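Source file: final22.txt (compact mmCIF, C-alpha atoms)
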# COMPACT_ATOMS: atom_id res chain seq x y z
CA MET Q 1 86.35 -47.99 11.18
CA ASN Q 2 84.90 -49.51 8.07
CA TRP Q 3 88.11 -51.00 6.71
CA ARG Q 4 87.60 -53.62 4.07
CA ASN Q 5 89.75 -56.42 5.35
CA ASN Q 6 91.82 -58.51 2.99
CA SER Q 7 93.54 -60.61 5.65
CA PRO Q 8 92.37 -64.19 6.25
CA ASN Q 9 92.58 -63.90 10.05
CA GLY Q 10 89.89 -61.19 10.24
CA ASP Q 11 92.04 -58.49 11.86
CA ALA Q 12 91.86 -55.35 9.72
CA ARG Q 13 95.08 -53.91 11.18
CA ARG Q 14 97.12 -57.12 10.79
CA ALA Q 15 97.95 -58.80 7.48
CA ASP Q 16 99.63 -61.64 9.34
CA ASN Q 17 101.09 -62.21 12.78
CA MET Q 18 104.24 -60.24 11.98
CA SER Q 19 103.25 -57.13 10.02
CA ILE Q 20 100.74 -54.33 10.27
CA MET Q 21 98.34 -54.04 7.35
CA LYS Q 22 98.60 -50.81 5.34
CA GLN Q 23 95.47 -48.69 4.92
CA LEU Q 24 94.23 -46.97 1.76
CA LEU Q 25 91.59 -44.24 2.07
CA ILE Q 26 89.45 -43.46 -0.97
CA VAL Q 27 87.56 -40.20 -0.52
CA TYR Q 28 84.94 -39.42 -3.13
CA GLN Q 29 82.10 -37.07 -3.98
CA SER Q 30 79.50 -37.83 -6.62
CA LEU Q 31 76.21 -36.21 -7.55
CA THR Q 32 75.30 -38.10 -10.71
CA GLY Q 33 77.07 -41.38 -9.98
CA GLY Q 34 80.05 -41.10 -12.32
CA ALA Q 35 82.69 -40.38 -9.69
CA ALA Q 36 81.11 -42.95 -7.36
CA GLN Q 37 81.52 -45.64 -10.03
CA MET Q 38 85.14 -44.61 -10.50
CA ALA Q 39 85.77 -44.76 -6.74
CA GLN Q 40 84.09 -48.16 -6.47
CA ALA Q 41 86.20 -49.51 -9.34
CA ALA Q 42 89.38 -48.18 -7.69
CA SER Q 43 88.29 -49.72 -4.40
CA ALA Q 44 87.71 -53.11 -6.04
CA GLY Q 45 91.15 -52.97 -7.66
CA ALA Q 46 92.79 -52.06 -4.35
CA ALA Q 47 90.83 -54.67 -2.38
CA ALA Q 48 92.27 -57.41 -4.60
CA VAL Q 49 95.73 -56.69 -3.15
CA GLU Q 50 96.62 -58.67 -0.02
CA GLY Q 51 97.99 -56.77 2.92
CA VAL Q 52 95.98 -53.59 2.37
CA GLY Q 53 92.76 -52.48 4.04
CA VAL Q 54 90.59 -50.23 1.90
CA GLN Q 55 88.19 -47.61 3.21
CA LEU Q 56 85.83 -46.04 0.67
CA MET Q 57 84.28 -42.90 2.18
CA PRO Q 58 82.08 -40.09 0.95
CA ALA Q 59 83.75 -36.71 1.33
CA THR Q 60 81.02 -35.63 3.76
CA ALA Q 61 82.03 -38.39 6.20
CA ALA Q 62 85.83 -38.24 5.80
CA GLY Q 63 88.09 -35.92 7.72
CA PRO Q 64 91.40 -35.52 9.53
CA GLN Q 65 91.02 -38.69 11.62
CA GLN Q 66 90.64 -40.90 8.54
CA LEU Q 67 93.55 -39.18 6.78
CA LEU Q 68 95.86 -39.69 9.76
CA ALA Q 69 94.84 -43.35 10.10
CA SER Q 70 95.68 -44.08 6.45
CA ASP Q 71 98.92 -44.76 4.62
CA GLY Q 72 97.79 -43.63 1.15
CA TYR Q 73 94.93 -41.85 -0.58
CA LEU Q 74 92.78 -41.74 -3.68
CA PHE Q 75 90.78 -38.55 -4.21
CA VAL Q 76 87.82 -38.98 -6.58
CA CYS Q 77 85.33 -36.29 -7.59
CA PRO Q 78 83.62 -34.56 -10.47
CA GLU Q 79 84.74 -31.26 -11.85
CA ASN Q 80 81.88 -28.78 -11.41
CA LEU Q 81 82.10 -25.33 -13.00
CA ALA Q 82 85.84 -25.82 -13.64
CA ALA Q 83 86.54 -26.71 -9.98
CA ILE Q 84 86.49 -29.67 -7.62
CA ALA Q 85 82.98 -30.50 -6.41
CA GLY Q 86 81.87 -28.34 -3.48
CA LEU Q 87 81.55 -31.17 -0.96
CA MET Q 88 85.01 -32.43 -1.89
CA LYS Q 89 86.32 -28.90 -1.36
CA ASP Q 90 84.57 -28.93 2.02
CA PHE Q 91 86.45 -32.14 2.92
CA PHE Q 92 89.77 -30.48 2.06
CA ASP Q 93 88.79 -27.29 3.91
CA ARG Q 94 87.89 -29.24 7.09
CA SER Q 95 90.97 -31.42 6.91
CA TYR Q 96 93.77 -29.24 5.60
CA TYR Q 97 95.15 -27.56 8.73
CA PRO Q 98 94.51 -30.36 11.25
CA VAL Q 99 96.78 -32.71 9.24
CA LEU Q 100 99.30 -30.19 7.89
CA ASP Q 101 102.86 -31.53 8.27
CA ARG Q 102 101.51 -34.89 9.44
CA LEU Q 103 101.03 -36.65 6.07
CA ASN Q 104 104.40 -35.85 4.49
CA GLY Q 105 105.53 -38.35 1.86
CA ARG Q 106 102.37 -40.45 1.78
CA PRO Q 107 101.22 -41.55 -1.69
CA TYR Q 108 98.10 -40.35 -3.47
CA ALA Q 109 96.36 -40.40 -6.83
CA THR Q 110 93.46 -38.43 -8.31
CA LEU Q 111 90.47 -39.54 -10.38
CA ILE Q 112 88.23 -36.87 -11.93
CA CYS Q 113 84.88 -37.27 -13.70
CA ALA Q 114 84.41 -34.31 -16.05
CA GLY Q 115 81.96 -33.21 -18.70
CA SER Q 116 84.62 -31.75 -20.95
CA ASP Q 117 87.95 -30.93 -19.29
CA GLY Q 118 88.78 -31.80 -15.67
CA SER Q 119 92.22 -30.22 -15.66
CA ASN Q 120 91.40 -27.41 -13.24
CA ALA Q 121 90.05 -29.85 -10.65
CA VAL Q 122 93.29 -31.81 -11.02
CA ARG Q 123 95.33 -28.63 -10.48
CA GLN Q 124 93.36 -27.80 -7.34
CA ILE Q 125 93.95 -31.25 -5.81
CA GLU Q 126 97.63 -31.13 -6.82
CA ARG Q 127 98.03 -27.80 -4.97
CA ILE Q 128 96.43 -29.23 -1.84
CA ALA Q 129 98.56 -32.38 -2.08
CA THR Q 130 101.67 -30.22 -2.51
CA GLY Q 131 100.81 -28.34 0.68
CA TRP Q 132 100.39 -31.67 2.50
CA ARG Q 133 103.65 -32.86 0.90
CA LEU Q 134 101.98 -35.96 -0.53
CA ARG Q 135 103.66 -37.98 -3.27
CA GLU Q 136 101.72 -38.47 -6.51
CA ILE Q 137 102.11 -42.10 -7.62
CA ALA Q 138 100.23 -41.98 -10.93
CA PRO Q 139 99.20 -39.33 -13.43
CA PRO Q 140 95.70 -38.02 -12.69
CA LEU Q 141 92.97 -39.91 -14.51
CA ILE Q 142 90.26 -37.74 -16.06
CA VAL Q 143 87.20 -39.55 -17.40
CA CYS Q 144 85.30 -37.29 -19.79
CA THR Q 145 81.54 -37.89 -20.05
CA HIS Q 146 81.05 -35.22 -22.77
CA ALA Q 147 77.98 -33.90 -20.91
CA GLN Q 148 77.40 -30.37 -22.19
CA THR Q 149 73.72 -29.51 -21.84
CA PRO Q 150 72.00 -28.94 -18.49
CA GLU Q 151 70.02 -32.16 -19.04
CA GLU Q 152 73.13 -34.22 -19.83
CA ILE Q 153 75.09 -32.71 -16.95
CA LEU Q 154 72.39 -33.58 -14.40
CA ARG Q 155 71.58 -37.02 -15.87
CA PRO Q 156 72.92 -40.06 -13.99
CA LYS Q 157 76.25 -41.11 -15.50
CA GLN Q 158 77.36 -44.53 -16.63
CA ILE Q 159 81.14 -44.92 -16.70
CA GLY Q 160 82.29 -47.35 -19.36
CA ALA Q 161 83.98 -50.64 -18.59
CA GLY Q 162 87.34 -49.48 -19.99
CA ASP Q 163 87.40 -46.38 -17.81
CA ARG Q 164 86.32 -48.38 -14.74
CA ALA Q 165 89.15 -50.82 -15.48
CA ARG Q 166 91.65 -47.93 -15.55
CA CYS Q 167 90.33 -46.75 -12.18
CA GLY Q 168 90.73 -50.29 -10.86
CA GLU Q 169 94.33 -50.36 -12.11
CA ILE Q 170 95.13 -47.16 -10.22
CA GLY Q 171 93.56 -48.60 -7.07
CA ALA Q 172 95.60 -51.79 -7.47
CA THR Q 173 98.78 -49.80 -8.19
CA ILE Q 174 98.64 -47.71 -5.04
CA ALA Q 175 97.57 -50.70 -2.93
CA SER Q 176 100.42 -52.84 -4.32
CA GLY Q 177 102.94 -50.11 -3.58
CA LEU Q 178 101.64 -49.87 -0.02
CA ALA Q 179 101.69 -53.65 0.46
CA LEU Q 180 105.25 -53.92 -0.86
CA GLY Q 181 106.48 -51.01 1.23
CA ILE Q 182 107.41 -48.94 -1.83
CA TYR Q 183 105.43 -45.97 -0.47
What is this file in structure tokens?
Amino acid sequence: MNWRNNSPNGDARRADNMSIMKQLLIVYQSLTGGAAQMAQAASAGAAAVEGVGVQLMPATAAGPQQLLASDGYLFVCPENLAAIAGLMKDFFDRSYYPVLDRLNGRPYATLICAGSDGSNAVRQIERIATGWRLREIAPPLIVCTHAQTPEEILRPKQIGAGDRARCGEIGATIASGLALGIY
């Protein structure tokens, strides 16, 4: 596992000698870099919280094993053609049934990078999370890039500092809740 370890003793599964470190999985998909920047900002915010290991994984590499090994989740992707990005959908398709009824009550949050709206991608992830019986811990964050032409849509994105900070706050929020045993 590629857990980012926040514990001083070097053991990714142990925060100290008495307690097991909680694990946060951040699954992302990004074609033009916007969602990747959001996921990295969320990861940095979460990694600043002691007692939580953070795994940042592309959707193509993540699956049921990583979901089962984690205590909470951040799902980060662009909205493409009014839907979650295809490779993120593939992650959910590959993972849905193998973990059904095995993630109940675990916390999650959603970050969406959108050209104009993003709400349909949020609805799709909310439906999947409802089926998994996950608990949403923060309102979905949609970062709008206002990309409307084919050239703007395909151009590499630069997410502003304020939006990256909001992503970092969501990462820190879910990590803090895990560390404190709230979730």
Selection as a VMD selection string: residues within 8 Å of (105.5, -35.9, 6.5), counting all atoms listed in the file: chain Q and resid 101 to 106 132 to 134
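CA of Tyr183 in chain Q is found 23.4 Å from CA of Cys77 in chain Q.
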Please enclose the listed atoms of range 138-145 of chain Q in an axis-aligned box, pad each side by 6 Å, and write out the centre and the three edge lengths in Å, rounded to one decimal, as JSON.
{"center_x": 90.9, "center_y": -39.6, "center_z": -15.5, "size_x": 30.7, "size_y": 16.7, "size_z": 21.1}
Spatial neighbours of Val27 in chain Q, 8 Å, all atoms listed in the file, chain gap at least 5 places, as number ranges by chain: Q: 39, 56-59, 62, 73-76
7 Å contact set for Ile137 in chain Q, only C-alpha atoms, chain neighbours under 5 positions out, as a PDB file with C-alpha atoms, in the coordinates of the input:
ATOM      1  CA  PRO Q 107     101.220 -41.550  -1.690  1.00  0.00           C
ATOM      2  CA  TYR Q 108      98.100 -40.350  -3.470  1.00  0.00           C
ATOM      3  CA  ALA Q 109      96.360 -40.400  -6.830  1.00  0.00           C
TER       4      ALA Q 109
END
So, with only C-alpha atoms as the atoms that count, which of Q:Val122, Q:Leu25, Q:Ile128, Q:Ala172 lies closest to Gly72 in chain Q?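 Result for the nearest residue to Gly72 in chain Q: Q:Leu25.
Take CA of Ile112 in chain Q and CA of Pro78 in chain Q: the distance between them is 5.4 Å.
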Filled-in N, CA and C atoms of range 17-33 of chain Q, supplied as a PDB file, in the coordinates of the input:
ATOM      1  N   ASN Q  17     100.676 -62.374  11.398  1.00  0.00           N
ATOM      2  CA  ASN Q  17     101.090 -62.210  12.780  1.00  0.00           C
ATOM      3  C   ASN Q  17     102.300 -61.301  12.942  1.00  0.00           C
ATOM      4  N   MET Q  18     102.992 -60.979  11.872  1.00  0.00           N
ATOM      5  CA  MET Q  18     104.240 -60.240  11.980  1.00  0.00           C
ATOM      6  C   MET Q  18     104.156 -58.791  11.488  1.00  0.00           C
ATOM      7  N   SER Q  19     103.227 -58.465  10.617  1.00  0.00           N
ATOM      8  CA  SER Q  19     103.250 -57.130  10.020  1.00  0.00           C
ATOM      9  C   SER Q  19     101.902 -56.427  10.156  1.00  0.00           C
ATOM     10  N   ILE Q  20     101.947 -55.125  10.196  1.00  0.00           N
ATOM     11  CA  ILE Q  20     100.740 -54.330  10.270  1.00  0.00           C
ATOM     12  C   ILE Q  20     100.241 -54.056   8.864  1.00  0.00           C
ATOM     13  N   MET Q  21      98.943 -54.260   8.654  1.00  0.00           N
ATOM     14  CA  MET Q  21      98.340 -54.040   7.350  1.00  0.00           C
ATOM     15  C   MET Q  21      98.322 -52.541   7.038  1.00  0.00           C
ATOM     16  N   LYS Q  22      98.673 -52.192   5.814  1.00  0.00           N
ATOM     17  CA  LYS Q  22      98.600 -50.810   5.340  1.00  0.00           C
ATOM     18  C   LYS Q  22      97.148 -50.456   5.031  1.00  0.00           C
ATOM     19  N   GLN Q  23      96.835 -49.152   5.131  1.00  0.00           N
ATOM     20  CA  GLN Q  23      95.470 -48.690   4.920  1.00  0.00           C
ATOM     21  C   GLN Q  23      95.417 -47.677   3.783  1.00  0.00           C
ATOM     22  N   LEU Q  24      94.469 -47.881   2.869  1.00  0.00           N
ATOM     23  CA  LEU Q  24      94.230 -46.970   1.760  1.00  0.00           C
ATOM     24  C   LEU Q  24      92.867 -46.316   1.964  1.00  0.00           C
ATOM     25  N   LEU Q  25      92.830 -45.001   1.943  1.00  0.00           N
ATOM     26  CA  LEU Q  25      91.590 -44.240   2.070  1.00  0.00           C
ATOM     27  C   LEU Q  25      91.208 -43.693   0.702  1.00  0.00           C
ATOM     28  N   ILE Q  26      89.991 -44.007   0.273  1.00  0.00           N
ATOM     29  CA  ILE Q  26      89.450 -43.460  -0.970  1.00  0.00           C
ATOM     30  C   ILE Q  26      88.328 -42.516  -0.586  1.00  0.00           C
ATOM     31  N   VAL Q  27      88.553 -41.226  -0.821  1.00  0.00           N
ATOM     32  CA  VAL Q  27      87.560 -40.200  -0.520  1.00  0.00           C
ATOM     33  C   VAL Q  27      86.942 -39.769  -1.837  1.00  0.00           C
ATOM     34  N   TYR Q  28      85.604 -39.773  -1.877  1.00  0.00           N
ATOM     35  CA  TYR Q  28      84.940 -39.420  -3.130  1.00  0.00           C
ATOM     36  C   TYR Q  28      83.713 -38.546  -2.890  1.00  0.00           C
ATOM     37  N   GLN Q  29      83.346 -37.825  -3.936  1.00  0.00           N
ATOM     38  CA  GLN Q  29      82.100 -37.070  -3.980  1.00  0.00           C
ATOM     39  C   GLN Q  29      81.482 -37.323  -5.341  1.00  0.00           C
ATOM     40  N   SER Q  30      80.175 -37.560  -5.357  1.00  0.00           N
ATOM     41  CA  SER Q  30      79.500 -37.830  -6.620  1.00  0.00           C
ATOM     42  C   SER Q  30      78.050 -37.399  -6.537  1.00  0.00           C
ATOM     43  N   LEU Q  31      77.613 -36.628  -7.493  1.00  0.00           N
ATOM     44  CA  LEU Q  31      76.210 -36.210  -7.550  1.00  0.00           C
ATOM     45  C   LEU Q  31      75.428 -37.065  -8.530  1.00  0.00           C
ATOM     46  N   THR Q  32      76.026 -37.363  -9.669  1.00  0.00           N
ATOM     47  CA  THR Q  32      75.300 -38.100 -10.710  1.00  0.00           C
ATOM     48  C   THR Q  32      75.777 -39.537 -10.869  1.00  0.00           C
ATOM     49  N   GLY Q  33      76.651 -39.980  -9.987  1.00  0.00           N
ATOM     50  CA  GLY Q  33      77.070 -41.380  -9.980  1.00  0.00           C
ATOM     51  C   GLY Q  33      78.353 -41.695 -10.711  1.00  0.00           C
TER      52      GLY Q  33
END
